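Everything below belongs to work-v4.tsv, which stores TSV, C-alpha atoms.
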```tsv
chain	number	residue	atom	x	y	z
A	360	MET	CA	-33.40	-8.74	34.40
A	361	SER	CA	-34.61	-9.98	31.01
A	362	TRP	CA	-33.03	-7.04	29.11
A	363	LYS	CA	-29.65	-8.17	30.36
A	364	LYS	CA	-30.25	-11.63	28.96
A	365	ILE	CA	-30.90	-10.07	25.55
A	366	LEU	CA	-28.14	-7.47	25.79
A	367	VAL	CA	-25.20	-9.89	26.01
A	368	PRO	CA	-26.00	-11.93	22.87
A	369	ALA	CA	-27.16	-8.77	21.11
A	370	SER	CA	-23.83	-7.06	21.75
A	371	ALA	CA	-22.05	-10.03	20.14
A	372	ILE	CA	-23.88	-9.55	16.83
A	373	PRO	CA	-22.05	-6.42	15.62
A	374	ILE	CA	-18.71	-7.82	16.79
A	375	VAL	CA	-19.28	-11.08	14.90
A	376	ALA	CA	-20.48	-9.13	11.87
A	377	LEU	CA	-17.38	-6.90	11.93
A	378	LEU	CA	-15.05	-9.90	12.27
A	379	ALA	CA	-16.92	-11.78	9.53
A	380	TYR	CA	-16.43	-8.80	7.23
A	381	GLY	CA	-12.79	-8.23	8.17
A	382	LEU	CA	-11.55	-11.81	8.27
A	383	THR	CA	-13.05	-12.91	4.96
A	384	ARG	CA	-11.25	-10.17	3.07
A	385	ASP	CA	-7.85	-10.77	1.55
A	386	PRO	CA	-5.46	-8.37	3.30
A	387	LYS	CA	-3.14	-8.54	0.29
A	388	ALA	CA	-5.81	-7.29	-2.10
A	389	ILE	CA	-5.76	-3.52	-2.48
A	390	PRO	CA	-9.05	-2.34	-3.99
A	391	SER	CA	-8.24	-0.21	-7.02
A	392	PRO	CA	-9.91	3.17	-7.39
A	393	LEU	CA	-9.12	3.15	-11.12
A	394	PRO	CA	-12.11	1.35	-12.73
A	395	GLY	CA	-14.37	4.03	-14.21
A	396	LYS	CA	-11.55	6.59	-14.35
A	397	PRO	CA	-9.43	7.58	-17.35
A	398	ALA	CA	-6.42	5.31	-17.76
A	399	PRO	CA	-3.27	7.27	-16.82
A	400	LEU	CA	-1.48	8.26	-20.02
A	401	PHE	CA	2.13	7.43	-20.77
A	402	ARG	CA	4.64	7.53	-23.58
A	403	LEU	CA	7.33	4.90	-23.12
A	404	ALA	CA	10.07	3.11	-25.02
A	405	THR	CA	9.32	-0.44	-26.10
A	406	LEU	CA	11.73	-3.36	-25.80
A	407	ASP	CA	12.48	-2.89	-29.50
A	408	SER	CA	13.46	0.76	-28.85
A	409	ASP	CA	10.28	2.05	-30.41
A	410	THR	CA	7.96	4.48	-28.61
A	411	ILE	CA	4.32	3.90	-27.74
A	412	ALA	CA	1.87	6.38	-26.27
A	413	LEU	CA	-1.37	5.15	-24.75
A	414	ALA	CA	-3.15	8.15	-26.29
A	415	ASP	CA	-2.34	6.78	-29.77
A	416	LEU	CA	-4.49	3.74	-29.00
A	417	GLN	CA	-7.62	5.81	-28.31
A	418	GLY	CA	-10.60	4.23	-30.06
A	419	ARG	CA	-9.27	0.73	-29.48
A	420	VAL	CA	-9.87	-1.61	-26.58
A	421	VAL	CA	-6.54	-1.84	-24.77
A	422	ILE	CA	-5.36	-4.67	-22.56
A	423	LEU	CA	-2.53	-3.38	-20.44
A	424	ASN	CA	-0.57	-6.26	-18.95
A	425	PHE	CA	2.06	-5.57	-16.26
A	426	TRP	CA	4.57	-8.40	-16.20
A	427	ALA	CA	8.16	-9.36	-15.39
A	428	SER	CA	10.53	-12.14	-16.36
A	429	TRP	CA	10.86	-13.13	-12.68
A	430	CYS	CA	7.10	-13.58	-12.32
A	431	LEU	CA	5.95	-17.20	-12.32
A	432	ALA	CA	2.23	-16.53	-12.77
A	433	CYS	CA	3.08	-14.56	-15.91
A	434	ILE	CA	4.16	-17.87	-17.46
A	435	ASP	CA	0.74	-19.34	-16.64
A	436	GLU	CA	-1.24	-16.53	-18.21
A	437	HIS	CA	0.94	-16.06	-21.28
A	438	PRO	CA	-0.71	-18.70	-23.55
A	439	TYR	CA	-4.10	-17.04	-22.94
A	440	LEU	CA	-2.68	-13.64	-23.86
A	441	ILE	CA	-1.27	-15.10	-27.08
A	442	GLU	CA	-4.62	-16.69	-27.84
A	443	ALA	CA	-6.61	-13.50	-27.16
A	444	HIS	CA	-4.14	-11.43	-29.16
A	445	GLU	CA	-4.54	-13.73	-32.18
A	446	ARG	CA	-8.29	-13.77	-31.90
A	447	TYR	CA	-8.93	-10.06	-31.37
A	448	ARG	CA	-6.04	-8.14	-32.96
A	449	GLU	CA	-8.06	-7.52	-36.14
A	450	ARG	CA	-11.14	-6.54	-34.17
A	451	GLY	CA	-9.90	-3.32	-32.61
A	452	VAL	CA	-8.13	-4.73	-29.58
A	453	SER	CA	-4.54	-3.82	-28.66
A	454	LEU	CA	-2.46	-5.78	-26.22
A	455	LEU	CA	0.36	-3.87	-24.59
A	456	GLY	CA	2.81	-5.17	-22.00
A	457	VAL	CA	4.46	-3.03	-19.34
A	458	VAL	CA	7.63	-4.48	-17.88
A	459	TYR	CA	7.64	-4.14	-14.09
A	460	GLN	CA	10.90	-3.98	-12.11
A	461	ASP	CA	12.94	-5.83	-14.66
A	462	SER	CA	15.78	-5.19	-17.05
A	463	ARG	CA	15.39	-4.82	-20.81
A	464	GLU	CA	17.68	-7.84	-21.45
A	465	ASN	CA	15.71	-10.18	-19.15
A	466	ALA	CA	12.38	-8.99	-20.55
A	467	LEU	CA	13.51	-9.41	-24.17
A	468	ARG	CA	14.85	-12.91	-23.52
A	469	TRP	CA	11.66	-13.93	-21.72
A	470	MET	CA	9.38	-12.60	-24.46
A	471	ARG	CA	11.46	-14.32	-27.18
A	472	GLY	CA	11.27	-17.60	-25.32
A	473	MET	CA	7.57	-17.36	-24.54
A	474	GLY	CA	6.30	-16.05	-27.87
A	475	GLY	CA	3.77	-13.34	-28.64
A	476	ASP	CA	4.40	-10.42	-30.95
A	477	TRP	CA	2.67	-7.56	-29.16
A	478	PRO	CA	4.85	-4.72	-27.88
A	479	SER	CA	5.99	-4.28	-24.30
A	480	VAL	CA	7.22	-0.99	-22.87
A	481	LEU	CA	9.87	-0.40	-20.24
A	482	ASP	CA	8.89	1.55	-17.16
A	483	PRO	CA	11.95	3.18	-15.61
A	484	GLY	CA	11.48	4.02	-11.94
A	485	ALA	CA	8.11	2.21	-11.98
A	486	ARG	CA	6.42	5.60	-12.55
A	487	THR	CA	3.72	4.16	-14.81
A	488	ALA	CA	3.22	1.17	-12.50
A	489	ILE	CA	2.67	3.55	-9.56
A	490	ASP	CA	0.39	5.65	-11.78
A	491	TYR	CA	-1.76	2.54	-12.20
A	492	GLY	CA	-1.55	1.55	-8.54
A	493	VAL	CA	0.36	-1.62	-9.44
A	494	TYR	CA	2.03	-3.44	-6.55
A	495	GLY	CA	2.93	-6.80	-8.02
A	496	VAL	CA	2.72	-8.87	-11.17
A	497	PRO	CA	0.81	-9.91	-13.08
A	498	GLU	CA	-1.78	-7.16	-13.08
A	499	THR	CA	-3.94	-6.53	-16.12
A	500	PHE	CA	-6.06	-3.49	-16.94
A	501	PHE	CA	-8.90	-3.54	-19.47
A	502	VAL	CA	-9.27	-0.11	-21.02
A	503	GLY	CA	-12.34	0.82	-23.04
A	504	ARG	CA	-12.35	2.62	-26.39
A	505	ASP	CA	-12.93	5.93	-24.63
A	506	GLY	CA	-9.70	5.49	-22.66
A	507	ARG	CA	-11.32	4.67	-19.34
A	508	VAL	CA	-10.33	1.71	-17.17
A	509	ALA	CA	-13.11	-0.86	-16.97
A	510	TYR	CA	-11.53	-3.60	-14.90
A	511	LYS	CA	-8.32	-4.50	-13.12
A	512	GLN	CA	-7.26	-8.11	-12.76
A	513	LEU	CA	-4.96	-8.95	-9.85
A	514	GLY	CA	-2.98	-12.08	-10.61
A	515	PRO	CA	-3.02	-14.08	-13.84
A	516	VAL	CA	-5.75	-13.71	-16.44
A	517	ASN	CA	-7.31	-16.74	-18.08
A	518	ARG	CA	-9.39	-17.38	-21.18
A	519	ARG	CA	-12.67	-16.64	-19.42
A	520	ILE	CA	-11.57	-13.30	-17.97
A	521	LEU	CA	-9.99	-12.14	-21.22
A	522	THR	CA	-12.95	-13.16	-23.39
A	523	THR	CA	-15.56	-11.75	-20.99
A	524	TRP	CA	-13.95	-8.32	-20.69
A	525	ILE	CA	-12.86	-7.96	-24.31
A	526	GLU	CA	-16.36	-8.88	-25.54
A	527	ARG	CA	-17.98	-6.55	-23.03
A	528	LEU	CA	-15.77	-3.64	-24.06
A	529	LEU	CA	-16.22	-4.33	-27.76
A	530	ALA	CA	-19.98	-4.46	-27.27
A	531	ALA	CA	-20.04	-1.21	-25.26
A	532	PRO	CA	-21.31	1.62	-27.49
A	533	GLU	CA	-18.78	4.41	-27.95
A	534	GLY	CA	-19.68	7.35	-25.75
A	535	GLY	CA	-22.11	5.14	-23.86
A	536	PRO	CA	-21.80	3.74	-20.37
A	537	LEU	CA	-18.73	1.62	-19.69
A	538	PRO	CA	-19.11	-1.79	-18.10
A	539	ILE	CA	-17.15	-1.56	-14.87
A	540	GLY	CA	-15.99	-4.44	-12.74
A	541	GLU	CA	-14.69	-4.56	-9.21
A	542	THR	CA	-11.67	-6.78	-8.70
A	543	PRO	CA	-13.03	-9.80	-6.82
A	544	VAL	CA	-11.69	-10.01	-3.27
A	545	GLY	CA	-9.69	-13.01	-2.16
A	546	ARG	CA	-8.36	-13.69	-5.65
A	547	THR	CA	-4.72	-12.79	-5.32
A	548	GLU	CA	-3.21	-16.25	-5.82
A	549	GLY	CA	-0.39	-15.93	-8.29
A	550	HIS	CA	-0.13	-12.18	-7.79
A	551	VAL	CA	3.43	-11.68	-6.61
A	552	PRO	CA	4.57	-8.50	-4.91
A	553	VAL	CA	8.34	-8.14	-4.83
A	554	LEU	CA	10.23	-9.12	-1.74
A	555	PRO	CA	10.88	-6.19	0.58
A	556	ASP	CA	14.61	-6.94	0.43
A	557	ALA	CA	14.70	-7.20	-3.35
A	558	ASP	CA	17.84	-5.24	-4.11
A	559	GLN	CA	17.94	-5.03	-7.88
A	560	ALA	CA	15.30	-5.20	-10.55
A	561	GLY	CA	15.49	-8.63	-12.08
A	562	THR	CA	16.86	-10.31	-8.98
A	563	ALA	CA	13.61	-10.06	-7.05
A	564	ARG	CA	12.42	-13.44	-5.87
A	565	ARG	CA	9.04	-14.78	-4.99
A	566	ARG	CA	7.58	-13.69	-1.70
A	567	PRO	CA	7.77	-16.78	0.54
A	568	GLU	CA	4.46	-17.95	1.93
A	569	PRO	CA	4.37	-17.87	5.73
B	687	MET	CA	23.25	36.83	18.81
B	688	ASN	CA	21.74	33.51	19.83
B	689	ALA	CA	23.09	30.08	19.00
B	690	MET	CA	20.66	29.43	16.16
B	691	SER	CA	21.45	32.53	14.15
B	692	LEU	CA	25.17	32.06	14.84
B	693	ALA	CA	24.96	28.57	13.38
B	694	GLY	CA	23.06	29.96	10.41
B	695	PHE	CA	25.69	32.65	9.87
B	696	VAL	CA	28.51	30.11	10.00
B	697	TRP	CA	26.64	27.86	7.55
B	698	VAL	CA	26.02	30.68	5.07
B	699	ALA	CA	29.63	31.83	5.35
B	700	THR	CA	30.93	28.30	4.76
B	701	ALA	CA	28.62	27.79	1.81
B	702	ALA	CA	29.66	31.11	0.24
B	703	PHE	CA	33.34	30.38	0.76
B	704	GLY	CA	32.84	26.82	-0.46
B	705	GLY	CA	31.18	28.03	-3.64
B	706	ARG	CA	34.14	30.29	-4.42
B	707	SER	CA	36.78	27.73	-3.62
B	708	ALA	CA	34.93	25.10	-5.62
B	709	GLY	CA	34.96	27.49	-8.53
B	710	ALA	CA	38.65	28.11	-8.06
B	711	PHE	CA	39.21	24.38	-7.98
B	712	GLN	CA	38.32	24.13	-11.67
B	713	GLY	CA	41.40	26.05	-12.72
B	714	ALA	CA	43.61	25.36	-9.71
B	715	SER	CA	47.26	24.58	-10.13
B	716	MET	CA	48.52	21.26	-8.86
B	717	PRO	CA	49.96	22.22	-5.44
B	718	GLU	CA	46.79	24.05	-4.36
B	719	GLN	CA	44.46	21.37	-5.60
B	720	GLY	CA	44.59	19.13	-2.53
B	721	ALA	CA	43.68	21.72	0.08
B	722	GLN	CA	41.15	23.65	-1.97
B	723	GLY	CA	39.58	20.52	-3.38
B	724	ALA	CA	38.98	19.13	0.08
B	725	GLN	CA	37.57	22.44	1.31
B	726	GLY	CA	35.31	22.76	-1.72
B	727	ALA	CA	33.98	19.24	-1.42
B	728	GLN	CA	33.33	19.71	2.29
B	729	ALA	CA	31.44	22.96	1.71
B	730	GLN	CA	29.50	21.49	-1.17
B	731	ALA	CA	28.51	18.50	0.93
B	732	ALA	CA	27.44	20.91	3.69
B	733	SER	CA	25.38	23.01	1.34
B	734	ARG	CA	23.87	19.94	-0.29
B	735	SER	CA	22.87	18.37	3.02
B	736	GLY	CA	21.70	21.77	4.24
B	737	PHE	CA	19.44	22.18	1.23
B	738	ASP	CA	18.25	18.60	1.19
B	739	SER	CA	17.51	18.24	4.88
B	740	ALA	CA	14.36	20.38	4.65
B	741	LEU	CA	13.17	18.52	1.56
B	742	GLU	CA	14.18	15.15	2.99
B	743	ALA	CA	12.28	15.91	6.19
B	744	GLN	CA	9.20	16.66	4.09
B	745	VAL	CA	9.66	13.48	2.03
B	746	LYS	CA	10.06	11.52	5.25
B	747	ALA	CA	6.95	13.09	6.77
B	748	ILE	CA	4.84	12.17	3.75
B	749	ALA	CA	6.40	8.72	3.27
B	750	SER	CA	5.72	7.75	6.87
B	751	THR	CA	1.98	8.40	6.43
B	752	LEU	CA	1.73	6.14	3.37
B	753	ARG	CA	1.38	2.39	3.57
B	754	CYS	CA	3.77	0.27	1.54
B	755	PRO	CA	1.67	-1.82	-0.87
B	756	VAL	CA	4.25	-4.62	-1.07
B	757	CYS	CA	4.73	-5.33	2.61
B	758	GLN	CA	1.93	-5.29	5.11
B	759	ASN	CA	1.91	-2.73	7.90
B	760	LEU	CA	5.06	-0.87	6.96
B	761	SER	CA	5.17	2.70	5.77
B	762	ILE	CA	6.91	3.63	2.54
B	763	GLU	CA	9.48	5.35	4.74
B	764	ASP	CA	10.27	2.17	6.71
B	765	SER	CA	10.07	-0.32	3.87
B	766	PRO	CA	13.32	-1.44	2.21
B	767	SER	CA	11.49	-2.64	-0.91
B	768	GLU	CA	12.26	-1.45	-4.41
B	769	LEU	CA	8.73	-0.15	-4.94
B	770	ALA	CA	8.84	1.88	-1.71
B	771	ARG	CA	12.18	3.38	-2.74
B	772	GLU	CA	10.70	4.39	-6.08
B	773	MET	CA	7.69	5.86	-4.28
B	774	ARG	CA	9.99	7.95	-2.06
B	775	ASP	CA	11.78	9.17	-5.20
B	776	LEU	CA	8.42	10.05	-6.70
B	777	ILE	CA	7.42	12.00	-3.57
B	778	ARG	CA	10.68	13.96	-3.82
B	779	GLU	CA	10.13	14.65	-7.53
B	780	ARG	CA	6.60	15.86	-6.95
B	781	LEU	CA	7.66	18.16	-4.11
B	782	LEU	CA	10.45	19.59	-6.26
B	783	ALA	CA	7.90	20.11	-9.04
B	784	GLY	CA	5.94	22.30	-6.63
B	785	ASP	CA	3.27	19.96	-5.28
B	786	THR	CA	2.10	20.48	-1.70
B	787	PRO	CA	2.34	17.50	0.70
B	788	GLU	CA	-1.46	17.29	0.54
B	789	GLN	CA	-1.38	17.03	-3.27
B	790	VAL	CA	1.27	14.30	-3.09
B	791	ARG	CA	-0.83	12.30	-0.63
B	792	ALA	CA	-3.94	12.83	-2.78
B	793	TYR	CA	-2.05	11.48	-5.79
B	794	PHE	CA	-1.24	8.23	-3.98
B	795	VAL	CA	-4.83	7.91	-2.76
B	796	SER	CA	-6.08	8.37	-6.34
B	797	ARG	CA	-3.89	5.42	-7.44
B	798	TYR	CA	-4.01	2.99	-4.51
B	799	GLY	CA	-7.20	4.15	-2.78
B	800	GLU	CA	-7.56	5.11	0.86
B	801	TRP	CA	-5.86	1.81	1.61
B	802	VAL	CA	-2.55	3.58	1.11
B	803	LEU	CA	-3.12	5.91	4.07
B	804	LEU	CA	-1.78	4.49	7.33
B	805	LYS	CA	-4.27	6.73	9.12
B	806	PRO	CA	-7.54	6.59	7.19
B	807	PRO	CA	-9.69	9.76	7.30
B	808	ALA	CA	-12.29	9.73	10.07
B	809	ARG	CA	-15.48	9.50	8.02
B	810	GLY	CA	-17.92	6.87	6.81
B	811	PHE	CA	-17.10	3.27	7.65
B	812	ASN	CA	-13.63	4.33	8.82
B	813	LEU	CA	-15.29	5.92	11.86
B	814	THR	CA	-15.60	2.44	13.39
B	815	VAL	CA	-11.83	2.48	13.87
B	816	TRP	CA	-12.16	5.64	15.94
B	817	ILE	CA	-15.39	4.84	17.76
B	818	VAL	CA	-15.08	1.13	18.58
B	819	PRO	CA	-12.00	1.39	20.86
B	820	VAL	CA	-13.52	4.29	22.83
B	821	ALA	CA	-16.86	2.49	23.06
B	822	ALA	CA	-15.11	-0.72	24.16
B	823	VAL	CA	-13.18	1.10	26.90
B	824	LEU	CA	-16.35	2.83	28.13
B	825	ALA	CA	-18.26	-0.48	28.12
B	826	GLY	CA	-15.39	-2.12	30.00
B	827	ILE	CA	-15.38	0.61	32.66
B	828	GLY	CA	-19.17	0.21	32.95
B	829	ILE	CA	-18.88	-3.55	33.48
B	830	VAL	CA	-16.07	-3.20	36.05
B	831	VAL	CA	-18.01	-0.56	37.99
B	832	SER	CA	-21.20	-2.65	38.05
B	833	VAL	CA	-19.34	-5.82	39.08
B	834	VAL	CA	-17.38	-4.05	41.83
B	835	ARG	CA	-20.60	-2.51	43.10
B	836	ARG	CA	-22.28	-5.90	43.23
B	837	TRP	CA	-19.34	-7.41	45.15
B	838	THR	CA	-19.06	-4.65	47.71
B	839	GLY	CA	-22.86	-4.53	48.03
B	840	ARG	CA	-23.04	-8.24	48.86
B	841	ARG	CA	-20.32	-7.89	51.49
B	842	THR	CA	-22.12	-5.10	53.40
B	843	GLU	CA	-25.42	-6.97	53.18
B	844	ARG	CA	-23.88	-10.03	54.74
B	845	ALA	CA	-22.22	-8.52	57.76
B	846	VAL	CA	-21.07	-10.55	60.74
B	847	GLY	CA	-23.86	-12.39	62.50
B	848	THR	CA	-26.15	-12.67	59.52
B	849	LEU	CA	-25.82	-16.41	58.87
B	850	ASP	CA	-28.98	-18.00	57.59
B	851	GLU	CA	-30.69	-20.98	59.24
B	852	GLU	CA	-28.87	-23.64	57.25
B	853	GLU	CA	-25.40	-22.20	57.88
B	854	LEU	CA	-26.17	-21.76	61.57
B	855	ALA	CA	-27.27	-25.40	61.80
B	856	ARG	CA	-24.06	-26.58	60.13
B	857	VAL	CA	-21.88	-24.55	62.45
B	858	ARG	CA	-23.76	-25.95	65.47
B	859	ARG	CA	-23.44	-29.52	64.21
B	860	GLU	CA	-19.72	-29.23	63.55
B	861	PHE	CA	-19.20	-27.62	66.93
B	862	GLU	CA	-21.07	-30.50	68.60
B	863	GLU	CA	-19.01	-33.07	66.72
B	864	PHE	CA	-15.89	-31.28	67.87
B	865	GLU	CA	-17.10	-31.35	71.46
B	866	ALA	CA	-18.06	-35.03	71.21
B	867	ARG	CA	-14.54	-35.92	70.08
B	868	GLY	CA	-13.38	-34.30	73.27
B	869	GLY	CA	-11.20	-31.79	71.44
```

Conversion result in C-alpha cells:
Amino acid sequence: MSWKKILVPASAIPIVALLAYGLTRDPKAIPSPLPGKPAPLFRLATLDSDTIALADLQGRVVILNFWASWCLACIDEHPYLIEAHERYRERGVSLLGVVYQDSRENALRWMRGMGGDWPSVLDPGARTAIDYGVYGVPETFFVGRDGRVAYKQLGPVNRRILTTWIERLLAAPEGGPLPIGETPVGRTEGHVPVLPDADQAGTARRRPEP
Amino acid sequence: MNAMSLAGFVWVATAAFGGRSAGAFQGASMPEQGAQGAQGAQAQAASRSGFDSALEAQVKAIASTLRCPVCQNLSIEDSPSELAREMRDLIRERLLAGDTPEQVRAYFVSRYGEWVLLKPPARGFNLTVWIVPVAAVLAGIGIVVSVVRRWTGRRTERAVGTLDEEELARVRREFEEFEARGG
C-alpha cells in the first residue's frame, strides 16, 4: 500500500518538471544554430548603390544589424549603434546594416533621418536574412575576425550588449577560440516579426499583442 | 491503351502543336493572329502547368514540413506571410538548382535549427514527444482497468444478504418504526 502513496506524488515530478521547462521558455524565440559557425557570405548592393561583400571584411569584427524602417525597436537601438560605431570604427570594427523586407526609398529616408554613416545593404527576396535565420527585426549578429558568428541578439541591442561583445571579440586572439554566446531565452521584447498578412515590403505593420 | 497513357499522349500532342503554333504566332499575319494566338497561349499554359505541377508538388511537400518562423504553428506552405512566400520561392530555386528535398530541408535546419521542422526527428530530448503520449495512454488504461476491477470486485464480495451488523440493525429499526406507525 505504501508504494502507491509514493507513486502518485512521484509521478507528478517529471510532469511538473516538463511543464516548468516548457512554460518558462519564450515560444517566439527560435534558438539560432549559427553561433560558432561561419557567417554566411553575401555580396549585396548598398543603399548608395555600392557593393559590399562580407568576405572583404575578414580580419575585422563585424556587427551585422538587420533592420527596417517599419521597425519601432530599431529606433530605440539606433543611438547605441551610432555610439558604438563612433567609438570602435578605428579599432577594427565594421558595422553593416541589412535592410529586411523594406524598400530602398524607405530605408534611405529612415537612415538619413536617424543618422549614422555606416553602410546598409539591400536584401532582395530576403535570401540573406533566411541565410542568417532571421525572422524579424531587429536582429544583430556579432561576427569575429575569423568570420565566425559569436552571438545573435534577438530584439534591440543596447550599450551593454554592444560593448560586451565588441570587447570580447576584439580581445579574442586571432585563430584562437571564439567567445560564443547563446541568445538568452525570454528576451524577445521589441523583436518584431512581420504580420502574416503583410502584403508588401514596407507596409508591414507591428504584430498586435494578443 | 489505358486512360492515363491516353491523357499523356493528348498532353504531349497538344504541347507539340502548341509549340509550333506559338512559333508561327511570331510572324503571323493579322487575320490568323486571333485563332493561333489563343491556341498557342492555351498550349503554353498547359505545358507550363504540366511542367510546374511536379515541381510545385515537391515544393508543397517540403514547405508543409517546415514551420513558419513568423507565425506560430503554421507551415510555410499554409502561411500567407511575406517571409513564408520568400521561403517557398527559395525552396523552388534550390530544387531547380538540383538540390534534393532532403538537402533543402537540411539547409533550413542549418539556419533556423530543428525548430523549423514541424515534425522533429525522433532522437534525444525530442523522444519525449513520441514516448509521453504512448506512456500516458498506457498508464490511463492501467488505471481504468485497476479501478474497474476494484468496483466489480466489491460488488461480488457484497452479494445479497451480506449486510453487516450495523446495517442489519438499522433496517430492523426502520422496519419497526414503520410498523409502529401502523403503515

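Distances here use all atoms listed in the file; by that measure, the residue among B:Asp764, B:Glu863, B:Asp785, B:Glu853 closest to chain A is B:Asp764.
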
Check: Between B:Leu782, B:Ala821, B:Val802, B:Leu813, which one has atoms that come closest to chain A, using only C-alpha atoms?
Finding: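 With only C-alpha atoms as the atom set, the closest residue is B:Val802.
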
Using all atoms listed in the file, collect all residues at a distance of at most 10 Å from (-14.3, -10.0, -17.1) as written in the file, then present them as an mmCIF file with C-alpha atoms, keeping the file's coordinate frame.
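This is the output file point17.cif:
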```cif
data_model
loop_
_atom_site.group_PDB
_atom_site.id
_atom_site.type_symbol
_atom_site.label_atom_id
_atom_site.label_comp_id
_atom_site.auth_asym_id
_atom_site.auth_seq_id
_atom_site.Cartn_x
_atom_site.Cartn_y
_atom_site.Cartn_z
ATOM 1 C CA PHE A 501 -8.900 -3.540 -19.470
ATOM 2 C CA ALA A 509 -13.110 -0.860 -16.970
ATOM 3 C CA TYR A 510 -11.530 -3.600 -14.900
ATOM 4 C CA LYS A 511 -8.320 -4.500 -13.120
ATOM 5 C CA GLN A 512 -7.260 -8.110 -12.760
ATOM 6 C CA VAL A 516 -5.750 -13.710 -16.440
ATOM 7 C CA ASN A 517 -7.310 -16.740 -18.080
ATOM 8 C CA ARG A 518 -9.390 -17.380 -21.180
ATOM 9 C CA ARG A 519 -12.670 -16.640 -19.420
ATOM 10 C CA ILE A 520 -11.570 -13.300 -17.970
ATOM 11 C CA LEU A 521 -9.990 -12.140 -21.220
ATOM 12 C CA THR A 522 -12.950 -13.160 -23.390
ATOM 13 C CA THR A 523 -15.560 -11.750 -20.990
ATOM 14 C CA TRP A 524 -13.950 -8.320 -20.690
ATOM 15 C CA ILE A 525 -12.860 -7.960 -24.310
ATOM 16 C CA GLU A 526 -16.360 -8.880 -25.540
ATOM 17 C CA ARG A 527 -17.980 -6.550 -23.030
ATOM 18 C CA LEU A 528 -15.770 -3.640 -24.060
ATOM 19 C CA PRO A 538 -19.110 -1.790 -18.100
ATOM 20 C CA ILE A 539 -17.150 -1.560 -14.870
ATOM 21 C CA GLY A 540 -15.990 -4.440 -12.740
ATOM 22 C CA GLU A 541 -14.690 -4.560 -9.210
ATOM 23 C CA THR A 542 -11.670 -6.780 -8.700
#
```

Axis-aligned box over every listed atom of segment 496-510 of chain A, padded by 5 Å per side: centre and edges in Å to one decimal, as lines of an AutoDock Vina configuration file?
```
center_x = -5.2
center_y = -2.0
center_z = -18.8
size_x = 25.8
size_y = 25.8
size_z = 25.2
```

Note to self: List as a list in words the protein and nucleic acid residues near Leu467 of chain A, meaning an atom at most 9 Å away when only C-alpha atoms are counted, but skip any in the same chain fewer than 6 places from it.
What the structure shows: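 Non-adjacent residues within range: Leu406, Asp407 and Ser428 of chain A.
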
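Here atom CA of Arg450 of chain A and atom CA of Val502 of chain A stand 14.8 Å from one another.
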
Margin query: With 10 Å as the limit and counting only C-alpha atoms, what residues in chain B lie close to chain A? Please list them as a ChimeraX atom specification.
Written below: /B:754-758,765-773,775-776,793-802,814,818

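Going from atom CA of Asn424 of chain A to atom CA of Phe500 of chain A covers 6.5 Å.
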
Reconstruct segment 488-499 of chain A at the level of N, CA and C atoms, and format the result as a PDB file, keeping the file's coordinate frame.
```pdb
ATOM      1  N   ALA A 488       3.803   2.183 -13.402  1.00  0.00           N
ATOM      2  CA  ALA A 488       3.220   1.170 -12.500  1.00  0.00           C
ATOM      3  C   ALA A 488       2.556   1.858 -11.308  1.00  0.00           C
ATOM      4  N   ILE A 489       3.232   2.833 -10.711  1.00  0.00           N
ATOM      5  CA  ILE A 489       2.670   3.550  -9.560  1.00  0.00           C
ATOM      6  C   ILE A 489       1.446   4.351 -10.006  1.00  0.00           C
ATOM      7  N   ASP A 490       1.530   4.911 -11.222  1.00  0.00           N
ATOM      8  CA  ASP A 490       0.390   5.650 -11.780  1.00  0.00           C
ATOM      9  C   ASP A 490      -0.853   4.768 -11.867  1.00  0.00           C
ATOM     10  N   TYR A 491      -0.648   3.482 -12.098  1.00  0.00           N
ATOM     11  CA  TYR A 491      -1.760   2.540 -12.200  1.00  0.00           C
ATOM     12  C   TYR A 491      -2.044   1.826 -10.874  1.00  0.00           C
ATOM     13  N   GLY A 492      -1.322   2.193  -9.831  1.00  0.00           N
ATOM     14  CA  GLY A 492      -1.550   1.550  -8.540  1.00  0.00           C
ATOM     15  C   GLY A 492      -1.115   0.087  -8.534  1.00  0.00           C
ATOM     16  N   VAL A 493      -0.123  -0.235  -9.362  1.00  0.00           N
ATOM     17  CA  VAL A 493       0.360  -1.620  -9.440  1.00  0.00           C
ATOM     18  C   VAL A 493       1.256  -1.895  -8.234  1.00  0.00           C
ATOM     19  N   TYR A 494       1.140  -3.099  -7.660  1.00  0.00           N
ATOM     20  CA  TYR A 494       2.030  -3.440  -6.550  1.00  0.00           C
ATOM     21  C   TYR A 494       2.528  -4.876  -6.644  1.00  0.00           C
ATOM     22  N   GLY A 495       2.427  -5.450  -7.817  1.00  0.00           N
ATOM     23  CA  GLY A 495       2.930  -6.800  -8.020  1.00  0.00           C
ATOM     24  C   GLY A 495       2.609  -7.203  -9.442  1.00  0.00           C
ATOM     25  N   VAL A 496       3.030  -8.389  -9.819  1.00  0.00           N
ATOM     26  CA  VAL A 496       2.720  -8.870 -11.170  1.00  0.00           C
ATOM     27  C   VAL A 496       2.216 -10.303 -11.094  1.00  0.00           C
ATOM     28  N   PRO A 497       1.382 -10.736 -12.025  1.00  0.00           N
ATOM     29  CA  PRO A 497       0.810  -9.910 -13.080  1.00  0.00           C
ATOM     30  C   PRO A 497      -0.398  -9.103 -12.623  1.00  0.00           C
ATOM     31  N   GLU A 498      -0.564  -7.942 -13.245  1.00  0.00           N
ATOM     32  CA  GLU A 498      -1.780  -7.160 -13.080  1.00  0.00           C
ATOM     33  C   GLU A 498      -2.194  -6.735 -14.483  1.00  0.00           C
ATOM     34  N   THR A 499      -3.476  -6.827 -14.770  1.00  0.00           N
ATOM     35  CA  THR A 499      -3.940  -6.530 -16.120  1.00  0.00           C
ATOM     36  C   THR A 499      -5.112  -5.552 -16.069  1.00  0.00           C
TER      37      THR A 499
END
```
